Amino acid sequence: MKAPLDGIRVLELGSLIAGPFCAKTLGDFGAEVIKIEPPGEGDGLRKWRRMRNGTSLWWQVQSRNKKSVTCDLRRPEGQEIVRRLARRAHLVIENFRPGALEKWNLGWDALSRENPKVILVRISGYGQSGPYRERPGFAPIAEALGGMRYITGFPDRPPVRPNLSLGDTIAALHGVIGALLALHHIKNGGAGQIIDVALYESVFNCMESLLPEFDADGTVRERSGSALPGIAPSNLYPCRDGSYVLIAGNADSLYRRLMSAIGRDDLRDDPALARNDGRAAQMQRIDDAISHWTTSKTQQEVLAAMEAAEVPAGRIYSAADIAADPHYAARGMLQKIIAGDGEPLTVPGVVPVLTGTPGTIRSRAPTLGEHTDEVLGEIGYSGAEITNLRKQAIV
């Protein structure tokens, strides 16, 4: 069975998170991904966060289904390698600061001359145009500029960040969307084009009604802790055993079932609370009633009651909870692989789940330059030429 992107060739020029995550997602669904890394040091992600046998465990996820080719983009011989690879690529993905590719003679004009149908996915902090285009931009800055950081946390404390680089991942997924749209355009007879993804705009695209609320009446959405103002009830509630449960009973029918489950028929039948706008005006009253009930129950008792009432509820999972969860396992989200160091490792499965043409982990994350000779040979370099390039530290 062919994968959805079987036959699509991707040239990845980026590093760290946004560009490589975009390419990883395409690779999971069958695209051939050739990752260009600096000779000697490789992608910085190889040394990020927790290490095992000298290599980041994150690397084993981010770089699966890729081939590693070392190439110095700063030197003309390395730039020629990239141009040759671009001739046969459907997609080129990069996440350097705007202008870097042009400095290396690898910008849109150069690549499109080599291949008029090439699609160039450019992921940067602020986009390829505008007054901020040349500023360096990482995920935390994009999350702040895009509006996410301001509303994250508790109202009496400074804004906080999740222990993740969400801005990078959100931008990467927007890059995937753009790449697939552009591939469809090519299929319909169109030409290649640039996909201009800004980290801050990708975050901003997820900010729901934040801007129109301000424009309509000057409302600035503020930090609200675990509650969701304007949508009720949806919050984190304490249990008798010191744990917490998330309950989301914010649809009208869910609210009625929730109130029945906690024995508050008075709140269930109150006409003023029948619709969300009425409940939003009395959020504290409803949350107090739910908390009064949950604090008399253990976490398991609360979850069992919510399941019986068909009200969405759950506990907050740690990594240990995820690894032990039977639903994760049944859905193929806990994949066992042999990593590049020869050791077994559990990694996340492929998302989204396609029933007819599912994504797969076809190959482990590569060692640095593992596929250099193979790939250069495919684009016409002789063994002697590759040896000479290696002597000059170009590959």
# chains A, B, ... in the order shown; residues from 1 in each chain; ligands from 1
$ select_by_dssp --residues "segment 137-202 of chain A" --states "alpha helix (DSSP H)" --output "count of residues only"
33
$ residues_around --residues "segment 91-103 of chain A" --least-positions-apart "6" --cutoff "10 Å" --atoms "only C-alpha atoms" --output "PyMOL selection string"
chain A and resi 8-20+22-23+31+33-35+73-74+79+82+85+109-111+117-129+133-137+172+175-176+179-180+182-183+192-195+197-198
$ closest_residue --among "A:Glu374, A:Glu37, A:Asp43, A:Asp28" --to "Arg64 of chain A" --atoms "only C-alpha atoms"
A:Asp28
$ atom_distance --atom1 "atom CA of Ser296 of chain A" --atom2 "atom CA of Gly249 of chain A"
19.0 Å
$ residues_around --residues "Glu370 of chain A" --least-positions-apart "5" --cutoff "8 Å" --atoms "only C-alpha atoms" --output "list in words"
Lys67, Ser68 and Val69 of chain A
$ closest_residue --among "A:Ala320, A:Val302, A:Val61, A:Ala86" --to "Ile338 of chain A" --atoms "only C-alpha atoms"
A:Val61
$ closest_residue --among "A:Ala280, A:Ala3, A:Leu211, A:Ala313" --to "Tyr244 of chain A" --atoms "only C-alpha atoms"
A:Ala313
$ closest_residue --among "A:Ala261, A:Leu173, A:Ala319, A:Met283" --to "Ala227 of chain A" --atoms "only C-alpha atoms"
A:Met283
$ closest_residue --among "A:Arg46, A:Arg149, A:Arg331, A:Arg84" --to "Pro162 of chain A" --atoms "only C-alpha atoms"
A:Arg149
$ select_by_dssp --residues "segment 133-349 of chain A" --states "strand (DSSP E or B)" --output "ChimeraX atom specification"
/A:194-198,234-238,244-248,313-314,334-338,344-348
$ residues_around --residues "Arg257 of chain A" --least-positions-apart "4" --cutoff "12 Å" --atoms "only C-alpha atoms" --output "PyMOL selection string"
chain A and resi 248-253+261-265+267-269+274+305-312
$ atom_distance --atom1 "atom CA of Val245 of chain A" --atom2 "atom CA of Arg315 of chain A"
4.9 Å
$ residues_around --residues "Arg157 of chain A" --least-positions-apart "4" --cutoff "10 Å" --atoms "only C-alpha atoms" --output "ChimeraX atom specification"
/A:152-153,223,225
$ closest_residue --among "A:Leu389, A:Val203, A:Ile247, A:Cys239" --to "Met148 of chain A" --atoms "only C-alpha atoms"
A:Val203
$ residues_around --residues "Leu210 of chain A" --least-positions-apart "3" --cutoff "12 Å" --atoms "only C-alpha atoms" --output "number ranges by chain"
A: 146-148, 150-151, 203-207, 213-222
$ write_last_selection --atoms "all heavy atoms" --output "compact mmCIF listing (two decimals), in the first residue's frame"
# COMPACT_ATOMS: atom_id res chain seq x y z
N GLY A 146 2.11 36.86 19.59
CA GLY A 146 0.86 36.35 19.02
C GLY A 146 -0.32 36.40 19.97
O GLY A 146 -1.45 36.10 19.58
N GLY A 147 -0.09 36.77 21.24
CA GLY A 147 -1.17 36.93 22.19
C GLY A 147 -1.36 35.78 23.17
O GLY A 147 -2.10 35.91 24.14
N MET A 148 -0.66 34.66 22.95
CA MET A 148 -0.89 33.48 23.79
C MET A 148 -0.36 33.66 25.21
O MET A 148 -1.03 33.31 26.19
CB MET A 148 -0.24 32.26 23.14
CG MET A 148 -0.44 30.96 23.92
SD MET A 148 0.39 29.56 23.14
CE MET A 148 -0.64 29.33 21.69
N TYR A 150 0.08 36.31 27.05
CA TYR A 150 -0.63 37.27 27.89
C TYR A 150 -1.80 36.62 28.62
O TYR A 150 -2.11 36.98 29.76
CB TYR A 150 -1.13 38.44 27.03
CG TYR A 150 -1.79 39.54 27.84
CD1 TYR A 150 -1.01 40.54 28.43
CD2 TYR A 150 -3.16 39.56 28.05
CE1 TYR A 150 -1.60 41.54 29.20
CE2 TYR A 150 -3.77 40.54 28.82
CZ TYR A 150 -2.98 41.53 29.38
OH TYR A 150 -3.56 42.51 30.15
N ILE A 151 -2.45 35.67 28.00
CA ILE A 151 -3.66 35.09 28.59
C ILE A 151 -3.38 33.76 29.30
O ILE A 151 -4.32 33.10 29.74
CB ILE A 151 -4.75 34.87 27.51
CG1 ILE A 151 -4.29 33.86 26.47
CG2 ILE A 151 -5.14 36.18 26.88
CD1 ILE A 151 -5.40 33.41 25.53
N VAL A 203 0.60 31.43 15.80
CA VAL A 203 0.02 31.51 17.14
C VAL A 203 -1.24 32.37 17.12
O VAL A 203 -2.29 31.99 17.65
CB VAL A 203 1.05 32.09 18.14
CG1 VAL A 203 0.39 32.38 19.49
CG2 VAL A 203 2.22 31.13 18.32
N PHE A 204 -1.15 33.52 16.47
CA PHE A 204 -2.28 34.45 16.38
C PHE A 204 -3.50 33.79 15.74
O PHE A 204 -4.65 34.05 16.12
CB PHE A 204 -1.84 35.68 15.58
CG PHE A 204 -2.90 36.72 15.37
CD1 PHE A 204 -3.53 37.33 16.46
CD2 PHE A 204 -3.26 37.10 14.10
CE1 PHE A 204 -4.50 38.29 16.25
CE2 PHE A 204 -4.23 38.06 13.89
CZ PHE A 204 -4.86 38.66 14.97
N ASN A 205 -3.25 32.90 14.79
CA ASN A 205 -4.34 32.20 14.11
C ASN A 205 -5.12 31.29 15.05
O ASN A 205 -6.23 30.89 14.73
CB ASN A 205 -3.77 31.37 12.94
CG ASN A 205 -4.84 30.88 12.00
OD1 ASN A 205 -5.84 31.56 11.75
ND2 ASN A 205 -4.66 29.69 11.45
N CYS A 206 -4.55 30.97 16.20
CA CYS A 206 -5.20 30.09 17.18
C CYS A 206 -5.87 30.86 18.31
O CYS A 206 -6.34 30.25 19.28
CB CYS A 206 -4.18 29.12 17.77
SG CYS A 206 -3.40 28.03 16.57
N MET A 207 -5.95 32.18 18.19
CA MET A 207 -6.39 32.99 19.31
C MET A 207 -7.89 33.27 19.33
O MET A 207 -8.36 34.18 20.02
CB MET A 207 -5.61 34.32 19.33
CG MET A 207 -4.12 34.13 19.55
SD MET A 207 -3.70 33.08 20.97
CE MET A 207 -4.33 34.07 22.29
N GLU A 213 -13.17 40.64 20.02
CA GLU A 213 -13.68 41.04 21.32
C GLU A 213 -13.14 42.42 21.70
O GLU A 213 -13.86 43.26 22.24
CB GLU A 213 -13.28 40.01 22.39
CG GLU A 213 -14.05 38.70 22.31
CD GLU A 213 -13.49 37.64 23.23
OE1 GLU A 213 -12.57 37.96 24.02
OE2 GLU A 213 -13.96 36.48 23.15
N PHE A 214 -11.85 42.63 21.41
CA PHE A 214 -11.27 43.94 21.70
C PHE A 214 -11.84 45.01 20.79
O PHE A 214 -12.17 46.12 21.23
CB PHE A 214 -9.74 43.89 21.56
CG PHE A 214 -9.09 45.23 21.68
CD1 PHE A 214 -8.94 45.83 22.93
CD2 PHE A 214 -8.66 45.92 20.55
CE1 PHE A 214 -8.36 47.09 23.05
CE2 PHE A 214 -8.08 47.17 20.66
CZ PHE A 214 -7.92 47.76 21.91
N ASP A 215 -11.97 44.67 19.50
CA ASP A 215 -12.45 45.66 18.54
C ASP A 215 -13.90 46.06 18.82
O ASP A 215 -14.28 47.22 18.65
CB ASP A 215 -12.33 45.11 17.12
CG ASP A 215 -12.69 46.14 16.06
OD1 ASP A 215 -11.99 47.17 15.99
OD2 ASP A 215 -13.68 45.93 15.34
N ALA A 216 -14.71 45.11 19.26
CA ALA A 216 -16.13 45.39 19.45
C ALA A 216 -16.39 46.32 20.63
O ALA A 216 -17.18 47.27 20.52
CB ALA A 216 -16.89 44.07 19.65
N ASP A 217 -15.72 46.07 21.75
CA ASP A 217 -16.03 46.90 22.92
C ASP A 217 -14.84 47.14 23.84
O ASP A 217 -15.01 47.51 25.01
CB ASP A 217 -17.18 46.28 23.73
CG ASP A 217 -16.88 44.86 24.20
OD1 ASP A 217 -15.70 44.45 24.17
OD2 ASP A 217 -17.83 44.16 24.61
N GLY A 218 -13.63 46.91 23.34
CA GLY A 218 -12.44 47.19 24.14
C GLY A 218 -12.08 46.12 25.15
O GLY A 218 -11.19 46.32 25.99
N THR A 219 -12.72 44.96 25.07
CA THR A 219 -12.43 43.89 26.02
C THR A 219 -11.04 43.29 25.74
O THR A 219 -10.74 42.89 24.61
CB THR A 219 -13.48 42.76 25.92
OG1 THR A 219 -14.75 43.29 26.29
CG2 THR A 219 -13.12 41.60 26.83
N VAL A 220 -10.22 43.25 26.77
CA VAL A 220 -8.91 42.60 26.69
C VAL A 220 -9.00 41.29 27.46
O VAL A 220 -9.22 41.30 28.68
CB VAL A 220 -7.80 43.49 27.27
CG1 VAL A 220 -6.46 42.74 27.28
CG2 VAL A 220 -7.68 44.78 26.46
N ARG A 221 -8.86 40.18 26.75
CA ARG A 221 -8.92 38.89 27.43
C ARG A 221 -7.73 38.77 28.38
O ARG A 221 -6.59 39.01 27.98
CB ARG A 221 -8.92 37.74 26.42
CG ARG A 221 -9.26 36.40 27.05
CD ARG A 221 -9.24 35.26 26.06
NE ARG A 221 -10.24 35.38 25.02
CZ ARG A 221 -10.64 34.37 24.24
NH1 ARG A 221 -10.10 33.17 24.42
NH2 ARG A 221 -11.53 34.56 23.30
N GLU A 222 -8.02 38.34 29.60
CA GLU A 222 -6.99 38.28 30.63
C GLU A 222 -6.71 36.84 31.04
O GLU A 222 -7.42 35.92 30.65
CB GLU A 222 -7.44 39.08 31.87
CG GLU A 222 -7.67 40.56 31.61
CD GLU A 222 -6.39 41.37 31.40
OE1 GLU A 222 -5.30 40.82 31.69
OE2 GLU A 222 -6.48 42.53 30.95
